[in-house]
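Data block for run36.pdb (PDB, C-alpha atoms):
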ATOM      1  CA  MET A   1      -1.801  14.860 -19.572
ATOM      2  CA  ASP A   2       1.905  15.287 -19.014
ATOM      3  CA  SER A   3       3.903  12.726 -17.041
ATOM      4  CA  MET A   4       4.786  15.303 -14.395
ATOM      5  CA  TYR A   5       1.245  16.547 -14.022
ATOM      6  CA  ASP A   6       0.548  19.498 -11.756
ATOM      7  CA  LEU A   7      -2.448  18.504  -9.642
ATOM      8  CA  SER A   8      -3.066  22.137  -8.764
ATOM      9  CA  ASN A   9      -4.699  22.303 -12.191
ATOM     10  CA  LEU A  10      -7.221  19.710 -11.065
ATOM     11  CA  ASP A  11      -7.652  21.411  -7.704
ATOM     12  CA  ASN A  12      -9.069  24.418  -9.526
ATOM     13  CA  THR A  13     -11.590  22.454 -11.606
ATOM     14  CA  PHE A  14     -15.235  21.675 -10.917
ATOM     15  CA  GLY A  15     -16.454  18.156 -10.207
ATOM     16  CA  ARG A  16     -17.641  17.607 -13.778
ATOM     17  CA  GLU A  17     -14.268  18.688 -15.204
ATOM     18  CA  PHE A  18     -12.446  16.360 -12.823
ATOM     19  CA  GLU A  19     -14.729  13.535 -13.931
ATOM     20  CA  GLU A  20     -14.069  14.268 -17.622
ATOM     21  CA  PHE A  21     -10.322  14.284 -16.954
ATOM     22  CA  MET A  22     -10.611  10.819 -15.375
ATOM     23  CA  ILE A  23     -12.676   9.524 -18.321
ATOM     24  CA  LYS A  24      -9.860  10.490 -20.720
ATOM     25  CA  LEU A  25      -7.312   8.880 -18.405
ATOM     26  CA  PHE A  26      -9.203   5.567 -18.281
ATOM     27  CA  GLU A  27      -9.632   5.579 -22.035
ATOM     28  CA  LYS A  28      -5.850   5.849 -22.331
ATOM     29  CA  LEU A  29      -5.662   2.750 -20.105
ATOM     30  CA  GLY A  30      -7.833   0.847 -22.578
ATOM     31  CA  TYR A  31     -11.236   1.013 -20.863
ATOM     32  CA  SER A  32     -14.577   1.990 -22.303
ATOM     33  CA  THR A  33     -16.304   4.387 -19.931
ATOM     34  CA  THR A  34     -19.986   4.818 -19.167
ATOM     35  CA  VAL A  35     -21.221   7.697 -17.022
ATOM     36  CA  THR A  36     -23.726   6.069 -14.705
ATOM     37  CA  ASN A  37     -25.732   8.702 -12.857
ATOM     38  CA  ARG A  38     -25.255  12.458 -12.939
ATOM     39  CA  SER A  39     -27.592  12.878  -9.961
ATOM     40  CA  LYS A  40     -25.195  10.879  -7.719
ATOM     41  CA  GLU A  41     -28.159   8.766  -6.585
ATOM     42  CA  TYR A  42     -25.935   5.720  -6.472
ATOM     43  CA  GLY A  43     -22.741   7.585  -5.696
ATOM     44  CA  CYS A  44     -20.825   6.283  -8.694
ATOM     45  CA  ASP A  45     -19.607   8.484 -11.542
ATOM     46  CA  MET A  46     -18.740   5.842 -14.085
ATOM     47  CA  MET A  47     -18.369   2.194 -14.939
ATOM     48  CA  LEU A  48     -15.240   0.983 -16.680
ATOM     49  CA  GLN A  49     -15.431  -1.986 -19.002
ATOM     50  CA  GLN A  50     -12.649  -4.058 -20.529
ATOM     51  CA  SER A  51     -13.791  -7.392 -22.003
ATOM     52  CA  ASN A  52     -15.932  -8.903 -19.245
ATOM     53  CA  TYR A  53     -14.220  -7.019 -16.425
ATOM     54  CA  ARG A  54     -16.245  -4.182 -14.913
ATOM     55  CA  ILE A  55     -15.022  -1.556 -12.421
ATOM     56  CA  ALA A  56     -17.181   0.893 -10.477
ATOM     57  CA  VAL A  57     -15.494   4.272 -10.028
ATOM     58  CA  GLN A  58     -16.341   7.294  -7.941
ATOM     59  CA  THR A  59     -14.285  10.411  -8.675
ATOM     60  CA  THR A  60     -14.393  13.206  -6.149
ATOM     61  CA  ARG A  61     -12.642  16.529  -6.508
ATOM     62  CA  SER A  62     -12.625  17.860  -2.983
ATOM     63  CA  GLU A  63     -11.074  20.627  -0.927
ATOM     64  CA  SER A  64     -11.260  18.451   2.185
ATOM     65  CA  GLU A  65     -10.308  14.876   3.045
ATOM     66  CA  LEU A  66     -12.888  12.233   2.159
ATOM     67  CA  THR A  67     -14.886  10.343   4.803
ATOM     68  CA  PHE A  68     -16.335   6.810   4.801
ATOM     69  CA  THR A  69     -19.376   8.126   2.889
ATOM     70  CA  SER A  70     -17.394   8.126  -0.343
ATOM     71  CA  VAL A  71     -16.647   4.439   0.134
ATOM     72  CA  GLN A  72     -20.241   3.579   0.980
ATOM     73  CA  ARG A  73     -21.509   5.281  -2.164
ATOM     74  CA  VAL A  74     -19.262   3.353  -4.516
ATOM     75  CA  LEU A  75     -20.242   0.122  -2.754
ATOM     76  CA  ASP A  76     -23.892   0.839  -3.497
ATOM     77  CA  SER A  77     -22.989   1.338  -7.150
ATOM     78  CA  SER A  78     -20.857  -1.786  -7.266
ATOM     79  CA  ARG A  79     -23.763  -3.912  -6.078
ATOM     80  CA  LYS A  80     -26.194  -2.264  -8.502
ATOM     81  CA  TYR A  81     -23.965  -2.711 -11.550
ATOM     82  CA  ASN A  82     -22.377  -6.013 -10.452
ATOM     83  CA  SER A  83     -18.773  -4.835 -10.850
ATOM     84  CA  GLN A  84     -15.672  -6.886 -10.043
ATOM     85  CA  MET A  85     -13.822  -3.969  -8.443
ATOM     86  CA  SER A  86     -14.667  -0.666  -6.736
ATOM     87  CA  ILE A  87     -12.429   2.416  -6.756
ATOM     88  CA  VAL A  88     -12.662   5.862  -5.172
ATOM     89  CA  ILE A  89     -10.379   8.546  -6.630
ATOM     90  CA  THR A  90      -9.747  11.990  -5.214
ATOM     91  CA  ASN A  91      -7.365  14.898  -5.605
ATOM     92  CA  ASN A  92      -7.196  15.009  -1.792
ATOM     93  CA  LYS A  93      -6.690  12.377   0.919
ATOM     94  CA  PHE A  94      -8.839   9.908   2.847
ATOM     95  CA  LEU A  95      -9.695  10.041   6.535
ATOM     96  CA  SER A  96      -9.136   6.938   8.663
ATOM     97  CA  SER A  97     -12.883   6.196   8.642
ATOM     98  CA  ALA A  98     -12.767   5.862   4.844
ATOM     99  CA  LYS A  99      -9.609   3.736   4.953
ATOM    100  CA  ASN A 100     -11.050   1.384   7.557
ATOM    101  CA  LEU A 101     -14.292   0.808   5.649
ATOM    102  CA  ALA A 102     -12.412   0.395   2.358
ATOM    103  CA  LYS A 103     -10.186  -2.213   3.974
ATOM    104  CA  ILE A 104     -13.187  -4.208   5.209
ATOM    105  CA  LYS A 105     -15.166  -3.892   1.971
ATOM    106  CA  ASN A 106     -12.210  -4.378  -0.369
ATOM    107  CA  VAL A 107     -12.460  -0.959  -2.022
ATOM    108  CA  VAL A 108      -9.376   0.579  -3.641
ATOM    109  CA  LEU A 109      -8.615   4.144  -2.538
ATOM    110  CA  ILE A 110      -6.555   6.320  -4.883
ATOM    111  CA  ASP A 111      -5.518   9.496  -3.116
ATOM    112  CA  ARG A 112      -3.529  12.467  -4.337
ATOM    113  CA  LYS A 113      -0.203  10.640  -4.344
ATOM    114  CA  LYS A 114      -1.564   7.535  -6.073
ATOM    115  CA  LEU A 115      -3.416   9.679  -8.597
ATOM    116  CA  LEU A 116      -0.101  11.059  -9.796
ATOM    117  CA  GLU A 117       1.169   7.489 -10.230
ATOM    118  CA  LEU A 118      -2.006   6.589 -12.112
ATOM    119  CA  ILE A 119      -1.500   9.540 -14.456
ATOM    120  CA  ASP A 120       2.070   8.366 -15.102
ATOM    121  CA  LEU A 121       0.749   4.865 -15.815
ATOM    122  CA  SER A 122      -1.754   6.198 -18.371
ATOM    123  CA  ASN A 123       1.008   8.152 -20.103
ATOM    124  CA  LEU A 124       3.087   5.068 -20.877
ATOM    125  CA  SER A 125       3.435   4.287 -24.574
ATOM    126  CA  VAL A 126       0.915   1.910 -26.131
ATOM    127  CA  ASN A 127       3.426  -0.949 -26.280
ATOM    128  CA  GLU A 128       4.036  -0.854 -22.507
ATOM    129  CA  ASN A 129       1.983  -2.616 -19.863
ATOM    130  CA  LYS A 130      -0.744  -0.300 -18.568
ATOM    131  CA  ASP A 131      -2.552  -2.671 -16.217
ATOM    132  CA  LEU A 132      -5.058  -0.816 -14.018
ATOM    133  CA  VAL A 133      -6.118  -3.963 -12.154
ATOM    134  CA  GLN A 134      -2.517  -4.766 -11.202
ATOM    135  CA  PHE A 135      -2.008  -1.133 -10.203
ATOM    136  CA  CYS A 136      -4.949  -1.453  -7.789
ATOM    137  CA  LYS A 137      -3.675  -4.793  -6.461
ATOM    138  CA  ASN A 138      -0.320  -3.156  -5.728
ATOM    139  CA  ILE A 139      -2.118  -0.478  -3.685
ATOM    140  CA  LYS A 140      -3.829  -3.210  -1.667
ATOM    141  CA  ASN A 141      -0.538  -5.049  -1.113
ATOM    142  CA  GLU A 142       1.087  -1.853   0.137
ATOM    143  CA  LEU A 143      -1.710  -1.390   2.678
ATOM    144  CA  ILE A 144      -1.392  -4.993   3.856
ATOM    145  CA  LYS A 145       2.322  -4.575   4.436
ATOM    146  CA  GLN A 146       1.851  -1.238   6.173
ATOM    147  CA  ASP A 147      -0.677  -2.835   8.526
ATOM    148  CA  ILE A 148       1.658  -5.742   9.272
ATOM    149  CA  ASP A 149       4.552  -3.387   9.940
ATOM    150  CA  LYS A 150       2.426  -1.232  12.254
ATOM    151  CA  GLU A 151       1.189  -4.251  14.197
ATOM    152  CA  ILE A 152       4.657  -5.735  14.651
ATOM    153  CA  LEU A 153       6.075  -2.384  15.819
ATOM    154  CA  LYS A 154       3.201  -2.080  18.264
ATOM    155  CA  PHE A 155       3.760  -5.654  19.476
ATOM    156  CA  LEU A 156       7.416  -4.876  20.121
ATOM    157  CA  GLY A 157       6.641  -1.568  21.786
ATOM    158  CA  LEU A 158       8.452   0.252  18.988
ATOM    159  CA  ASP A 159       5.482   2.264  17.724
ATOM    160  CA  ILE A 160       6.594   5.369  19.631
ATOM    161  CA  PRO A 161       9.018   7.485  17.553
ATOM    162  CA  LYS A 162      12.603   7.204  18.756
ATOM    163  CA  VAL A 163      15.956   8.694  17.915
ATOM    164  CA  ASP A 164      18.118   6.803  15.439
ATOM    165  CA  HIS A 165      20.178   4.012  16.960
ATOM    166  CA  SER A 166      23.752   3.115  16.187
ATOM    167  CA  LEU A 167      24.351  -0.141  14.356
ATOM    168  CA  LEU A 168      26.833  -1.074  17.068
ATOM    169  CA  THR A 169      25.532  -3.438  19.728
ATOM    170  CA  LYS A 170      27.894  -2.204  22.429
ATOM    171  CA  ASP A 171      28.513   1.194  23.867
ATOM    172  CA  SER A 172      31.896   2.663  24.806
ATOM    173  CA  TYR A 173      31.853   0.636  28.032
ATOM    174  CA  GLY A 174      31.321  -2.657  26.246
ATOM    175  CA  ARG A 175      27.719  -2.999  27.382
ATOM    176  CA  PRO A 176      25.253  -4.421  24.823
ATOM    177  CA  HIS A 177      22.546  -2.211  23.426
ATOM    178  CA  PRO A 178      18.933  -3.155  24.253
ATOM    179  CA  LEU A 179      17.378  -6.082  22.410
ATOM    180  CA  ASN A 180      14.761  -3.761  20.901
ATOM    181  CA  ASN A 181      17.501  -2.090  18.883
ATOM    182  CA  LYS A 182      18.215  -5.441  17.257
ATOM    183  CA  LYS A 183      14.519  -5.996  16.665
ATOM    184  CA  GLU A 184      14.238  -2.632  14.934
ATOM    185  CA  LYS A 185      17.161  -3.452  12.677
ATOM    186  CA  LEU A 186      15.773  -6.913  11.947
ATOM    187  CA  ILE A 187      12.470  -5.400  10.816
ATOM    188  CA  ASP A 188      14.340  -2.977   8.534
ATOM    189  CA  ILE A 189      16.303  -5.874   7.028
ATOM    190  CA  PHE A 190      13.144  -7.930   6.636
ATOM    191  CA  LYS A 191      11.312  -5.156   4.807
ATOM    192  CA  GLU A 192      14.329  -4.563   2.565
ATOM    193  CA  ILE A 193      14.599  -8.103   1.230
ATOM    194  CA  ARG A 194      11.015  -9.364   1.143
ATOM    195  CA  GLY A 195       9.392  -9.268  -2.291
ATOM    196  CA  ASP A 196       6.554  -7.013  -3.365
ATOM    197  CA  GLU A 197       4.241  -9.996  -3.775
ATOM    198  CA  ASP A 198       5.491 -12.059  -0.836
ATOM    199  CA  LEU A 199       5.568 -11.449   2.910
ATOM    200  CA  SER A 200       7.964 -14.303   3.607
ATOM    201  CA  VAL A 201      11.750 -14.315   3.434
ATOM    202  CA  GLN A 202      13.925 -17.338   2.778
ATOM    203  CA  LYS A 203      16.024 -18.244   5.797
ATOM    204  CA  ASN A 204      19.448 -18.309   4.125
ATOM    205  CA  ILE A 205      18.811 -14.957   2.404
ATOM    206  CA  LEU A 206      17.818 -13.401   5.723
ATOM    207  CA  LEU A 207      20.926 -14.794   7.426
ATOM    208  CA  ASN A 208      23.142 -13.472   4.638
ATOM    209  CA  PHE A 209      21.707  -9.982   5.037
ATOM    210  CA  MET A 210      22.127 -10.143   8.814
ATOM    211  CA  SER A 211      25.767 -11.115   8.332
ATOM    212  CA  LYS A 212      26.343  -7.580   6.989
ATOM    213  CA  TYR A 213      25.847  -6.356  10.569
ATOM    214  CA  PRO A 214      28.195  -8.551  12.646
ATOM    215  CA  LEU A 215      28.302  -5.994  15.474
ATOM    216  CA  MET A 216      24.533  -6.092  15.601
ATOM    217  CA  PHE A 217      23.792  -9.801  15.263
ATOM    218  CA  GLY A 218      27.206 -11.452  15.611
ATOM    219  CA  THR A 219      28.154 -14.536  13.605
ATOM    220  CA  LYS A 220      25.811 -16.585  11.448
ATOM    221  CA  ALA A 221      25.286 -18.923  14.382
ATOM    222  CA  ASP A 222      24.463 -15.933  16.608
ATOM    223  CA  SER A 223      21.999 -14.733  13.985
ATOM    224  CA  GLU A 224      20.277 -18.124  13.941
ATOM    225  CA  ILE A 225      19.960 -18.034  17.720
ATOM    226  CA  PHE A 226      18.540 -14.514  17.555
ATOM    227  CA  LEU A 227      16.000 -15.582  14.916
ATOM    228  CA  LEU A 228      15.054 -18.588  17.039
ATOM    229  CA  ASN A 229      14.403 -16.205  19.931
ATOM    230  CA  MET A 230      12.226 -14.101  17.656
ATOM    231  CA  VAL A 231      10.232 -17.184  16.646
ATOM    232  CA  THR A 232       9.809 -18.083  20.308
ATOM    233  CA  GLU A 233       8.587 -14.566  21.095
ATOM    234  CA  LEU A 234       6.156 -14.766  18.149
ATOM    235  CA  VAL A 235       7.836 -11.783  16.497
ATOM    236  CA  ILE A 236       8.456 -13.836  13.385
ATOM    237  CA  PHE A 237       7.525 -17.389  12.521
ATOM    238  CA  LYS A 238       8.275 -20.004   9.875
ATOM    239  CA  PRO A 239       5.125 -20.645   7.818
ATOM    240  CA  LYS A 240       7.021 -23.224   5.736
ATOM    241  CA  THR A 241      10.388 -24.923   5.805
ATOM    242  CA  ASP A 242      13.360 -22.552   5.611
ATOM    243  CA  TYR A 243      11.207 -19.428   5.399
ATOM    244  CA  TYR A 244      10.523 -16.662   7.901
ATOM    245  CA  ASN A 245       7.569 -14.358   7.984
ATOM    246  CA  LEU A 246       6.338 -11.402  10.055
ATOM    247  CA  VAL A 247       3.365 -11.937  12.338
TER
END
Can you turn what I pasted into structure tokens?
Amino acid sequence: MDSMYDLSNLDNTFGREFEEFMIKLFEKLGYSTTVTNRSKEYGCDMMLQQSNYRIAVQTTRSESELTFTSVQRVLDSSRKYNSQMSIVITNNKFLSSAKNLAKIKNVVLIDRKKLLELIDLSNLSVNENKDLVQFCKNIKNELIKQDIDKEILKFLGLDIPKVDHSLLTKDSYGRPHPLNNKKEKLIDIFKEIRGDEDLSVQKNILLNFMSKYPLMFGTKADSEIFLLNMVTELVIFKPKTDYYNLV
């Protein structure tokens, strides 16, 4: 399995070959693998075991996007085998019905793009950290942030695609640009400086970043006033002292 793996090779395999490829990959990640049920009665291809941690996995090579059924099947297996985590892996993508059910039932979905990242992870040298559980947690965190970003854009009425805006707050006639332009820029700044494991941003760090755009937010005092307005409008809030967060 080369680091720059060509998934077209997997696209041309049969289901059993795809499953065997995944078994080798998980073994490289340090897991013992048990094939659970060839008849697909419980919808799960394999169970991964590392110490006392057990993961139910369904691998599906498919020419079409996967529906919620793939998620339901691995859930049935997870309950039967009492696993701590459930994963569905495909060489394709997942439909919204699958994503919605996975979100509710806490199932990790690894699509075509994430599969490439998983292959890269398995190809790390033995002395490097090849943590599958953390890899799956990162996928979940990405989805959480994507959902938050979508909701805030919808709340602000910014969910409709627009043309790029200038960073300047005033046009050639000296008139200020709409407040939504500032909100869009604020969200971009917020996403740039918040950590991978944290949705909050420290107040002084946020103000320092905003000071890079004086024509957008003005002085530091102007930035503080703008942030206060955002708090008032429930666009952002302060969950703890000197921190801001997205709602």
>> Translate the PyMOL selection byres ((chain A and resi 124) around 12) into a concrete residue list for this structure, as a PyMOL selection string.
In response: chain A and resi 1-3+25+28-30+117-123+125-131
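Minimum distance to Asn141 (chain A) across A:Leu158, A:Met210, A:Val108, A:Val74 (counting only C-alpha atoms) occurs at A:Val108.
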> Skipping near chain neighbours, those fewer than 5 positions away, what residues fall within 10 Å of Leu186 (chain A) using all atoms listed in the file, listed as a count of residues only?
Replying inline: 12
>> When you look at region 85-88 of chain A with a cut-off of 6 Å (counting all atoms listed in the file), what residues show up, excluding the ones that are within fewer than 6 positions of it in the same chain? I need them as a ChimeraX atom specification.
In response: /A:55-59,107-109
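Ranking A:Arg112, A:Ile189, A:Asn106, A:Lys93 by their shortest atom-to-atom distance to Tyr213 (chain A), with all atoms listed in the file included, puts A:Ile189 first.
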> Excluding same-chain residues fewer than 5 positions from Gln50 (chain A), what lies within 12 Å of it counting all atoms listed in the file, as a PyMOL selection string?
Replying inline: chain A and resi 26-27+29-34+55+83-84+131-133
